[in-house]
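Trainee: Below you'll find data_36.csv; it's CSV, C-alpha atoms.
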chain,number,residue,atom,x,y,z
A,1,MET,CA,-20.9,-0.7,25.7
A,2,THR,CA,-24.5,-1.1,26.8
A,3,LEU,CA,-25.1,-4.8,27.3
A,4,PRO,CA,-28.4,-6.3,26.2
A,5,GLN,CA,-31.3,-6.4,28.6
A,6,PRO,CA,-32.9,-9.8,29.6
A,7,PRO,CA,-35.7,-10.8,27.3
A,8,ALA,CA,-39.2,-10.0,28.4
A,9,ASP,CA,-40.3,-13.6,28.2
A,10,GLY,CA,-37.9,-14.6,30.9
A,11,SER,CA,-35.6,-16.7,28.7
A,12,ARG,CA,-31.8,-16.3,29.2
A,13,PRO,CA,-30.2,-13.5,27.1
A,14,ALA,CA,-27.6,-14.6,24.5
A,15,LYS,CA,-24.1,-14.3,25.9
A,16,ALA,CA,-22.6,-11.0,24.8
A,17,TRP,CA,-18.8,-11.5,25.2
A,18,PRO,CA,-18.3,-14.4,22.7
A,19,SER,CA,-20.3,-12.5,20.1
A,20,PHE,CA,-18.4,-9.3,20.8
A,21,CYS,CA,-15.1,-11.2,20.3
A,22,ALA,CA,-16.5,-12.8,17.1
A,23,GLY,CA,-17.3,-9.3,15.8
A,24,PHE,CA,-13.9,-8.0,16.7
A,25,GLN,CA,-12.2,-10.9,15.0
A,26,ALA,CA,-14.4,-10.9,11.9
A,27,THR,CA,-13.3,-7.3,11.2
A,28,GLY,CA,-9.8,-8.5,10.5
A,29,GLY,CA,-8.6,-7.0,7.2
A,30,LEU,CA,-11.2,-4.3,7.2
A,31,GLY,CA,-9.8,-3.1,10.6
A,32,PHE,CA,-6.3,-3.2,9.0
A,33,ALA,CA,-7.6,-1.0,6.2
A,34,ALA,CA,-9.1,1.4,8.7
A,35,GLY,CA,-5.7,1.6,10.4
A,36,VAL,CA,-4.0,2.4,7.1
A,37,PHE,CA,-6.5,5.1,6.3
A,38,GLY,CA,-6.2,6.5,9.8
A,39,PHE,CA,-2.4,6.5,9.2
A,40,LEU,CA,-2.9,8.4,5.9
A,41,PHE,CA,-5.3,10.8,7.5
A,42,GLY,CA,-2.8,11.6,10.2
A,43,ILE,CA,0.0,12.2,7.7
A,44,ILE,CA,-2.3,14.4,5.5
A,45,ALA,CA,-3.7,16.4,8.4
A,46,MET,CA,-0.1,17.1,9.7
A,47,GLY,CA,0.9,18.1,6.2
A,48,ARG,CA,-1.9,20.7,6.3
A,49,GLY,CA,-0.6,22.2,9.5
A,50,PHE,CA,-2.8,20.4,12.0
A,51,ASP,CA,-1.5,19.9,15.6
A,52,ALA,CA,-0.9,16.2,16.4
A,53,SER,CA,-3.1,16.2,19.4
A,54,ILE,CA,-6.0,17.9,17.5
A,55,THR,CA,-5.6,15.3,14.7
A,56,VAL,CA,-5.9,12.4,17.1
A,57,LEU,CA,-8.6,14.0,19.1
A,58,MET,CA,-10.6,14.5,15.9
A,59,SER,CA,-10.3,10.9,15.0
A,60,ALA,CA,-11.3,9.8,18.5
A,61,ALA,CA,-14.3,12.1,18.7
A,62,VAL,CA,-15.6,12.0,15.2
A,63,PHE,CA,-14.6,8.5,13.9
A,64,ALA,CA,-15.7,9.2,10.4
A,65,GLY,CA,-12.8,8.9,7.9
A,66,SER,CA,-14.6,10.2,4.8
A,67,ALA,CA,-16.1,13.2,6.7
A,68,GLN,CA,-12.8,14.0,8.3
A,69,VAL,CA,-11.0,14.0,4.9
A,70,ALA,CA,-13.8,16.1,3.3
A,71,ILE,CA,-13.6,18.9,5.9
A,72,LEU,CA,-9.8,19.3,5.7
A,73,GLU,CA,-10.4,21.9,2.9
A,74,LEU,CA,-12.7,23.8,5.2
A,75,TRP,CA,-10.4,23.8,8.2
A,76,SER,CA,-9.1,27.4,8.2
A,77,GLU,CA,-9.4,30.6,10.3
A,78,PRO,CA,-12.3,31.5,11.0
A,79,LEU,CA,-13.8,28.0,11.1
A,80,PRO,CA,-17.1,27.8,9.2
A,81,TYR,CA,-19.0,25.8,11.9
A,82,PHE,CA,-22.2,25.5,9.9
A,83,GLY,CA,-20.3,24.4,6.8
A,84,LEU,CA,-18.5,21.8,8.9
A,85,PHE,CA,-21.7,20.5,10.2
A,86,LEU,CA,-23.4,20.3,6.8
A,87,ALA,CA,-20.4,18.7,5.1
A,88,ALA,CA,-20.0,16.0,7.8
A,89,ALA,CA,-23.7,15.3,7.9
A,90,LEU,CA,-23.9,15.0,4.1
A,91,VAL,CA,-20.9,12.8,3.7
A,92,CYS,CA,-22.2,10.5,6.5
A,93,SER,CA,-25.8,10.6,5.5
A,94,ARG,CA,-25.6,6.9,4.3
A,95,HIS,CA,-25.4,6.0,8.0
A,96,ILE,CA,-29.0,7.1,8.4
A,97,LEU,CA,-30.0,4.5,5.9
A,98,MET,CA,-27.9,1.9,7.6
A,99,GLY,CA,-29.4,2.8,11.0
A,100,VAL,CA,-32.9,2.2,9.6
A,101,THR,CA,-32.0,-1.3,8.5
A,102,LEU,CA,-30.3,-2.1,11.8
A,103,HIS,CA,-33.1,-1.0,14.1
A,104,ASP,CA,-34.7,-4.5,14.5
A,105,THR,CA,-31.2,-6.1,15.1
A,106,LEU,CA,-30.1,-3.5,17.6
A,107,SER,CA,-33.4,-3.1,19.5
A,108,ALA,CA,-33.8,-6.9,20.2
A,109,ASN,CA,-34.3,-7.6,23.9
A,110,ARG,CA,-33.5,-4.1,25.1
A,111,LYS,CA,-35.6,-1.3,26.6
A,112,ARG,CA,-33.3,1.7,25.9
A,113,PRO,CA,-31.8,2.7,22.5
A,114,PRO,CA,-28.1,1.6,22.3
A,115,PHE,CA,-26.7,5.1,22.2
A,116,LEU,CA,-23.1,4.2,22.9
A,117,THR,CA,-23.1,1.2,20.5
A,118,LEU,CA,-24.4,3.4,17.7
A,119,PHE,CA,-21.4,5.6,18.0
A,120,VAL,CA,-19.3,2.9,16.4
A,121,LEU,CA,-21.7,2.5,13.4
A,122,THR,CA,-19.5,2.3,10.2
A,123,ASP,CA,-19.9,0.9,6.7
A,124,ALA,CA,-17.8,-2.1,7.7
A,125,ASN,CA,-19.7,-3.3,10.9
A,126,TRP,CA,-23.0,-2.6,9.2
A,127,VAL,CA,-22.1,-4.9,6.3
A,128,LEU,CA,-20.6,-7.6,8.6
A,129,THR,CA,-23.6,-7.5,11.0
A,130,ARG,CA,-26.1,-7.7,8.1
A,131,ARG,CA,-24.3,-10.7,6.7
A,132,GLU,CA,-23.8,-12.5,10.1
A,133,THR,CA,-26.8,-14.5,11.2
A,134,ARG,CA,-25.1,-17.3,13.1
A,135,VAL,CA,-23.9,-15.4,16.2
A,136,GLU,CA,-26.0,-15.5,19.4
A,137,ASN,CA,-25.9,-11.8,20.1
A,138,ARG,CA,-25.8,-9.6,17.0
A,139,VAL,CA,-25.8,-6.4,19.0
A,140,ALA,CA,-22.5,-7.5,20.7
A,141,PHE,CA,-21.2,-8.7,17.3
A,142,PHE,CA,-21.9,-5.2,15.9
A,143,ALA,CA,-20.3,-3.5,18.9
A,144,GLY,CA,-17.2,-5.8,18.7
A,145,SER,CA,-16.7,-5.1,15.0
A,146,GLY,CA,-17.2,-1.3,15.6
A,147,VAL,CA,-14.7,-1.2,18.4
A,148,ALA,CA,-12.1,-3.0,16.2
A,149,MET,CA,-12.6,-0.4,13.5
A,150,TYR,CA,-12.4,2.4,16.1
A,151,VAL,CA,-9.2,1.2,17.8
A,152,ALA,CA,-7.6,0.7,14.4
A,153,TRP,CA,-8.7,4.1,13.1
A,154,VAL,CA,-7.4,6.0,16.2
A,155,ILE,CA,-4.1,4.1,16.5
A,156,GLY,CA,-3.6,4.5,12.7
A,157,THR,CA,-4.2,8.3,13.1
A,158,ALA,CA,-1.8,8.5,16.1
A,159,LEU,CA,1.0,6.7,14.2
A,160,GLY,CA,0.5,9.0,11.1
A,161,ALA,CA,0.5,12.1,13.3
A,162,ALA,CA,3.6,10.9,15.1
A,163,ALA,CA,5.6,10.2,12.0
A,164,PRO,CA,4.3,12.6,9.3
A,165,GLY,CA,7.3,12.3,7.1
A,166,ILE,CA,7.6,8.6,7.0
A,167,LEU,CA,5.9,8.1,3.6
A,168,ASP,CA,6.9,9.9,0.5
A,169,ALA,CA,4.3,11.7,-1.7
A,170,ARG,CA,4.2,9.0,-4.3
A,171,THR,CA,3.4,6.3,-1.8
A,172,ILE,CA,0.6,8.4,-0.3
A,173,ALA,CA,-0.8,9.1,-3.8
A,174,GLY,CA,-0.7,5.4,-4.6
A,175,MET,CA,-2.4,4.4,-1.3
A,176,ALA,CA,-5.2,7.0,-1.9
A,177,ILE,CA,-7.0,4.4,-4.1
A,178,GLY,CA,-7.3,2.3,-0.9
A,179,GLY,CA,-10.6,3.9,0.0
A,180,ALA,CA,-12.2,2.7,-3.2
A,181,LEU,CA,-10.6,-0.8,-2.7
A,182,TYR,CA,-12.1,-0.9,0.8
A,183,ILE,CA,-15.6,-0.1,-0.4
A,184,ALA,CA,-15.3,-2.5,-3.3
A,185,ILE,CA,-14.5,-5.3,-0.8
A,186,LEU,CA,-17.3,-4.3,1.5
A,187,LEU,CA,-19.7,-4.5,-1.5
A,188,CYS,CA,-18.3,-8.0,-2.4
A,189,ILE,CA,-19.0,-9.1,1.2
A,190,TYR,CA,-22.5,-7.6,1.2
A,191,PHE,CA,-23.7,-8.9,-2.2
A,192,ARG,CA,-21.8,-12.2,-2.3
A,193,GLY,CA,-24.2,-14.9,-3.3
A,194,ALA,CA,-27.0,-12.4,-3.9
A,195,ARG,CA,-29.7,-12.9,-6.6
A,196,PRO,CA,-29.0,-10.8,-9.8
A,197,ALA,CA,-32.2,-8.8,-9.1
A,198,LYS,CA,-30.6,-7.4,-5.9
A,199,LEU,CA,-27.8,-5.9,-7.9
A,200,ILE,CA,-30.1,-3.7,-10.0
A,201,ALA,CA,-30.5,-0.9,-7.4
A,202,PRO,CA,-26.8,-0.5,-6.7
A,203,VAL,CA,-25.9,-0.6,-10.4
A,204,ILE,CA,-28.5,2.1,-11.2
A,205,SER,CA,-27.4,4.1,-8.2
A,206,ALA,CA,-23.7,4.0,-9.3
A,207,CYS,CA,-24.6,4.9,-13.0
A,208,ILE,CA,-26.9,7.9,-12.0
A,209,THR,CA,-24.3,9.1,-9.5
A,210,LEU,CA,-21.6,9.1,-12.2
A,211,LEU,CA,-23.9,11.0,-14.6
A,212,ALA,CA,-25.0,13.5,-12.0
A,213,SER,CA,-21.4,14.2,-10.8
A,214,ARG,CA,-20.8,16.0,-14.1
A,215,TYR,CA,-23.3,18.7,-13.1
A,216,VAL,CA,-23.5,18.8,-9.3
A,217,ASP,CA,-21.1,18.2,-6.4
A,218,ALA,CA,-20.4,14.7,-5.0
A,219,SER,CA,-22.9,14.7,-2.1
A,220,LEU,CA,-25.8,15.7,-4.4
A,221,ALA,CA,-24.7,13.2,-7.1
A,222,ILE,CA,-24.8,10.4,-4.5
A,223,LEU,CA,-28.2,11.6,-3.4
A,224,ALA,CA,-29.4,11.5,-7.0
A,225,GLY,CA,-28.1,8.0,-7.4
A,226,VAL,CA,-29.7,6.7,-4.2
A,227,SER,CA,-33.0,8.4,-5.1
A,228,ALA,CA,-32.9,6.7,-8.5
A,229,ALA,CA,-32.3,3.3,-6.8
A,230,ALA,CA,-35.2,4.0,-4.5
A,231,ALA,CA,-37.5,4.9,-7.4
A,232,VAL,CA,-36.6,1.6,-9.2
A,233,THR,CA,-37.2,-0.4,-6.0
A,234,VAL,CA,-40.5,1.3,-5.4
A,235,LEU,CA,-41.6,0.4,-9.0
A,236,ARG,CA,-40.5,-3.2,-8.4
A,237,GLU,CA,-42.5,-3.4,-5.2
A,238,TRP,CA,-45.5,-1.8,-6.9
A,239,ARG,CA,-45.4,-4.4,-9.7
A,240,ARG,CA,-45.1,-7.2,-7.2
A,241,ALA,CA,-48.2,-5.9,-5.2
B,242,MET,CA,-4.8,27.4,11.5
B,243,PRO,CA,-7.6,28.0,14.0
B,244,ASP,CA,-6.7,28.4,17.7
B,245,LEU,CA,-7.2,25.7,20.2
B,246,THR,CA,-10.7,26.8,21.4
B,247,ALA,CA,-12.0,27.2,17.8
B,248,SER,CA,-10.5,23.7,16.9
B,249,LEU,CA,-12.2,22.1,19.9
B,250,ILE,CA,-15.5,23.7,19.0
B,251,GLY,CA,-15.0,22.5,15.4
B,252,ILE,CA,-14.3,19.0,16.5
B,253,ALA,CA,-17.4,19.0,18.7
B,254,VAL,CA,-19.5,20.2,15.7
B,255,LEU,CA,-18.2,17.4,13.6
B,256,ALA,CA,-18.8,14.9,16.3
B,257,VAL,CA,-22.4,16.0,16.8
B,258,ALA,CA,-23.1,16.0,13.0
B,259,THR,CA,-21.7,12.5,12.5
B,260,TYR,CA,-23.3,11.0,15.6
B,261,LEU,CA,-26.7,12.4,14.6
B,262,THR,CA,-26.4,10.5,11.3
B,263,ARG,CA,-25.6,7.4,13.3
B,264,ILE,CA,-28.6,7.5,15.6
B,265,ALA,CA,-31.2,9.2,13.3
B,266,GLY,CA,-31.6,6.0,11.3
B,267,TYR,CA,-32.2,3.9,14.4
B,268,PHE,CA,-35.1,6.1,15.5
B,269,LEU,CA,-36.5,6.3,12.0
B,270,GLY,CA,-36.4,2.5,11.8
B,271,SER,CA,-38.5,2.3,15.0
B,272,ARG,CA,-41.4,3.9,13.1
B,273,ILE,CA,-41.2,1.5,10.1
B,274,ARG,CA,-43.0,-1.8,10.3
B,275,GLN,CA,-40.8,-4.8,9.4
B,276,ASP,CA,-41.8,-6.6,6.2
B,277,SER,CA,-43.6,-3.6,4.9
B,278,ALA,CA,-43.0,-2.4,1.4
B,279,LEU,CA,-41.3,0.7,2.7
B,280,SER,CA,-39.0,-1.4,4.8
B,281,ARG,CA,-38.1,-3.5,1.7
B,282,VAL,CA,-37.3,-0.3,-0.3
B,283,LEU,CA,-35.1,1.1,2.5
B,284,GLU,CA,-33.3,-2.2,2.8
B,285,THR,CA,-31.8,-1.7,-0.7
B,286,LEU,CA,-30.6,1.8,-0.2
B,287,PRO,CA,-27.4,1.5,1.9
B,288,GLY,CA,-25.9,-0.9,-0.6
B,289,ALA,CA,-26.9,1.5,-3.4
B,290,ALA,CA,-25.3,4.4,-1.4
B,291,LEU,CA,-22.0,2.4,-1.1
B,292,ALA,CA,-22.1,1.6,-4.8
B,293,SER,CA,-22.5,5.3,-5.5
B,294,VAL,CA,-19.5,6.2,-3.3
B,295,LEU,CA,-17.4,3.5,-5.1
B,296,ALA,CA,-18.4,4.8,-8.5
B,297,LEU,CA,-17.4,8.4,-7.5
B,298,SER,CA,-14.1,7.2,-6.0
B,299,LEU,CA,-13.3,5.4,-9.3
B,300,SER,CA,-14.5,8.1,-11.6
B,301,GLY,CA,-11.1,9.8,-11.9
B,302,ALA,CA,-9.0,6.6,-11.5
B,303,THR,CA,-6.3,5.5,-14.0
B,304,PHE,CA,-6.4,2.1,-15.6
B,305,ILE,CA,-3.8,0.7,-13.2
B,306,GLU,CA,-5.8,2.1,-10.2
B,307,LEU,CA,-8.9,0.4,-11.5
B,308,LEU,CA,-6.9,-2.8,-12.0
B,309,ALA,CA,-5.7,-2.5,-8.4
B,310,VAL,CA,-9.3,-2.3,-7.1
B,311,VAL,CA,-10.6,-5.1,-9.3
B,312,THR,CA,-7.6,-7.4,-8.5
B,313,GLY,CA,-7.9,-6.7,-4.8
B,314,ALA,CA,-11.6,-7.5,-4.8
B,315,ALA,CA,-11.1,-10.6,-7.0
B,316,VAL,CA,-8.3,-11.9,-4.6
B,317,PHE,CA,-10.7,-11.3,-1.7
B,318,LEU,CA,-13.5,-13.3,-3.5
B,319,LEU,CA,-11.0,-16.1,-4.3
B,320,THR,CA,-9.4,-16.4,-0.9
B,321,GLY,CA,-12.2,-15.1,1.4
B,322,ARG,CA,-9.5,-13.0,3.2
B,323,THR,CA,-10.1,-9.2,3.3
B,324,LEU,CA,-6.5,-8.5,4.5
B,325,VAL,CA,-5.0,-10.3,1.5
B,326,GLY,CA,-7.3,-8.5,-1.0
B,327,ILE,CA,-6.5,-5.1,0.5
B,328,LEU,CA,-2.7,-5.8,0.6
B,329,VAL,CA,-2.7,-7.0,-3.0
B,330,GLY,CA,-4.7,-4.0,-4.2
B,331,LEU,CA,-2.6,-1.5,-2.3
B,332,ALA,CA,0.7,-3.1,-3.5
B,333,ILE,CA,-0.4,-2.7,-7.1
B,334,ALA,CA,-1.4,0.9,-6.6
B,335,VAL,CA,1.8,1.8,-4.7
B,336,ALA,CA,4.0,0.0,-7.3
B,337,ASN,CA,2.2,1.9,-10.0
B,338,ALA,CA,2.8,5.2,-8.2
B,339,HIS,CA,6.5,4.5,-7.9
B,340,TRP,CA,7.6,2.7,-11.0
B,341,LEU,CA,4.9,2.8,-13.6
B,342,ALA,CA,3.4,6.2,-13.5
Rewrite the structure of this file - the entire thing - as structure tokens.
Mentor:
Amino acid sequence: MTLPQPPADGSRPAKAWPSFCAGFQATGGLGFAAGVFGFLFGIIAMGRGFDASITVLMSAAVFAGSAQVAILELWSEPLPYFGLFLAAALVCSRHILMGVTLHDTLSANRKRPPFLTLFVLTDANWVLTRRETRVENRVAFFAGSGVAMYVAWVIGTALGAAAPGILDARTIAGMAIGGALYIAILLCIYFRGARPAKLIAPVISACITLLASRYVDASLAILAGVSAAAAVTVLREWRRA
Amino acid sequence: MPDLTASLIGIAVLAVATYLTRIAGYFLGSRIRQDSALSRVLETLPGAALASVLALSLSGATFIELLAVVTGAAVFLLTGRTLVGILVGLAIAVANAHWLA
């Protein structure tokens, strides 16, 4: 991990290690969930004929559960490289929006962009870092939380790949709703205590996405929902001005 | 299944695609002034994107699966513990898959 640079004004930088540990610990149940999904991904990938080492390597190098699940359908001979790139980029496009909102936090007191730290950007450590304002070093908190998610995801995948037959089909089917549960809890963390006006954009986004999903595929439906949320927020800003 | 070389190239392609989405926002953010109207609009969008993903995930869910998600989230809100919320929600969904479906 890239550690923060000393501040330009000569004051002492906030200590990174306690904040890193705080981020690691704060991830708690979300890390457990990442481990469970990694486990399921390992089982499902092995069920589709993946080699165990390829499955684990993919989780370690890509570290994007939703993208990895989405491309399973495309993983056949010959591999459609451009299709893989497009599918993964579309599924993970929300990380672009998260990165925009994290710029000020992650660029504090540093000269170079945190290239390595950004590798561990996930929904979970984005939410936790946005909500956490008490730690001394939020970059280290973000990194600690991301590393916790990464470790859980890779270990979960390895366990699933090592014991593909350990869960029956019914249990796997039941656990599939865990992805929605995980995001529901993330949203609870993010919007807990928020003013009702802050909920307008996500509610509109969800409704438009559901409507659009009847006519277009999932990625485009999400794009439509987020665009509608953006339009509503722009209107609100315009009225305020 | 693709051979080893093709698989490694495929993984590299995926890794590049996902990493680009992770760093692109950071560099876009450097060009946006904090406290500008654009910044305030962009602040709302990641939460909206997560809400859209949740809506899509639940669009084909059964009543019991919906109940599992709502109960898990409610338990989290009551206890403040993510692990407890996730375990309760998963327990309901797995019990449903085994004994109720």
Trainee: For segment 216-226 of chain A, list every protein, DNA or RNA residue within 7 Å, evaluated using all atoms listed in the file, and leave out those in the same chain fewer than 2 positions away; present the list as a ChimeraX atom specification.
Mentor: /A:90-91,205-206,208-209,212-214,228-230 /B:286,289-290,293-294
Trainee: For the atom pair atom CA of Trp126 of chain A and atom CA of Val139 of chain A, what is the interatomic distance in Å to one decimal place?
Mentor: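 Answer for the atom CA of Trp126 of chain A to atom CA of Val139 of chain A separation: 10.9 Å.
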Trainee: Near segment 184-190 of chain A, within 8 Å and counting only C-alpha atoms, which residues show up once chain neighbours fewer than 2 positions away are dropped, as JSON, numbers by chain?
Mentor: {"A": [123, 124, 127, 128, 130, 131, 180, 181, 182, 192], "B": [288, 291, 292, 295, 310, 313, 314, 317, 318, 323, 326]}
Trainee: Take atom CA of Gly270 of chain B and atom CA of Leu118 of chain A and report the distance between them in Å, one decimal.
Mentor: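 Atom CA of Gly270 of chain B sits 13.4 Å away from atom CA of Leu118 of chain A.
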Trainee: Rounded to one decimal in Å, what is the spacing between atom CA of Thr105 of chain A and atom CA of Phe191 of chain A?
Mentor: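 Atom-to-atom, atom CA of Thr105 of chain A to atom CA of Phe191 of chain A, that is 19.1 Å.
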Trainee: Fewer than 6 positions away in the same chain doesn't count, so skip those; otherwise give me all residues within 9 Å of Gly251 of chain B, counting only C-alpha atoms, as a list in words.
Mentor: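 My reading of the contact set: Trp75, Leu79, Pro80, Tyr81, Leu84 and Phe85 of chain A.
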Trainee: Using C-alpha atoms, can you write the selected residues to a file as a PDB file, in the frame of the given file?
Mentor:
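Okay, this is what ended up in out19.pdb:
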ATOM      1  CA  TRP A  75     -10.400  23.800   8.200  1.00  0.00           C
ATOM      2  CA  LEU A  79     -13.800  28.000  11.100  1.00  0.00           C
ATOM      3  CA  PRO A  80     -17.100  27.800   9.200  1.00  0.00           C
ATOM      4  CA  TYR A  81     -19.000  25.800  11.900  1.00  0.00           C
ATOM      5  CA  LEU A  84     -18.500  21.800   8.900  1.00  0.00           C
ATOM      6  CA  PHE A  85     -21.700  20.500  10.200  1.00  0.00           C
TER       7      PHE A  85
END
Trainee: Nearest residue to Pro202 of chain A out of B:Leu331, B:Leu308, B:Leu261, B:Ala296, using all atoms listed in the file?
Mentor: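 Checking each candidate against Pro202 of chain A, we get B:Ala296 as the closest.
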Trainee: Excluding Val257 of chain B and its own-chain neighbours fewer than 2 positions away, which residues fall within 10 Å of it when counting all atoms listed in the file? Please give them as an MDAnalysis selection string.
Mentor: (chainID A and resid 61:62 85 88:89) or (chainID B and resid 251:255 259:263)
Trainee: Suppose we keep C-alpha atoms; can you now write the selection as a PDB file, keeping the file's coordinate frame?
Mentor:
ATOM      1  CA  ALA A  61     -14.300  12.100  18.700  1.00  0.00           C
ATOM      2  CA  VAL A  62     -15.600  12.000  15.200  1.00  0.00           C
ATOM      3  CA  PHE A  85     -21.700  20.500  10.200  1.00  0.00           C
ATOM      4  CA  ALA A  88     -20.000  16.000   7.800  1.00  0.00           C
ATOM      5  CA  ALA A  89     -23.700  15.300   7.900  1.00  0.00           C
TER       6      ALA A  89
ATOM      7  CA  GLY B 251     -15.000  22.500  15.400  1.00  0.00           C
ATOM      8  CA  ILE B 252     -14.300  19.000  16.500  1.00  0.00           C
ATOM      9  CA  ALA B 253     -17.400  19.000  18.700  1.00  0.00           C
ATOM     10  CA  VAL B 254     -19.500  20.200  15.700  1.00  0.00           C
ATOM     11  CA  LEU B 255     -18.200  17.400  13.600  1.00  0.00           C
ATOM     12  CA  THR B 259     -21.700  12.500  12.500  1.00  0.00           C
ATOM     13  CA  TYR B 260     -23.300  11.000  15.600  1.00  0.00           C
ATOM     14  CA  LEU B 261     -26.700  12.400  14.600  1.00  0.00           C
ATOM     15  CA  THR B 262     -26.400  10.500  11.300  1.00  0.00           C
ATOM     16  CA  ARG B 263     -25.600   7.400  13.300  1.00  0.00           C
TER      17      ARG B 263
END
Trainee: Using all atoms listed in the file for the distances, tell me which of A:Ala70, A:Val100, A:Val56, A:Ile177 is nearest to Glu284 of chain B.
Mentor: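 Answer, going by the shortest atom-to-atom distance: A:Val100.
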Trainee: When you count all atoms listed in the file, which of these residues is closest to Phe304 of chain B: B:Ser280, B:Leu319, B:Gln275, B:Asn337?
Mentor: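 Closest residue, counting all atoms listed in the file: B:Asn337.
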Trainee: Considering only C-alpha atoms, state which residue in the set A:Leu86, A:Met149, A:Ile96, A:Leu106 is at the smallest distance from chain B.
Mentor: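 Distance minimum relative to chain B lands on A:Ile96.
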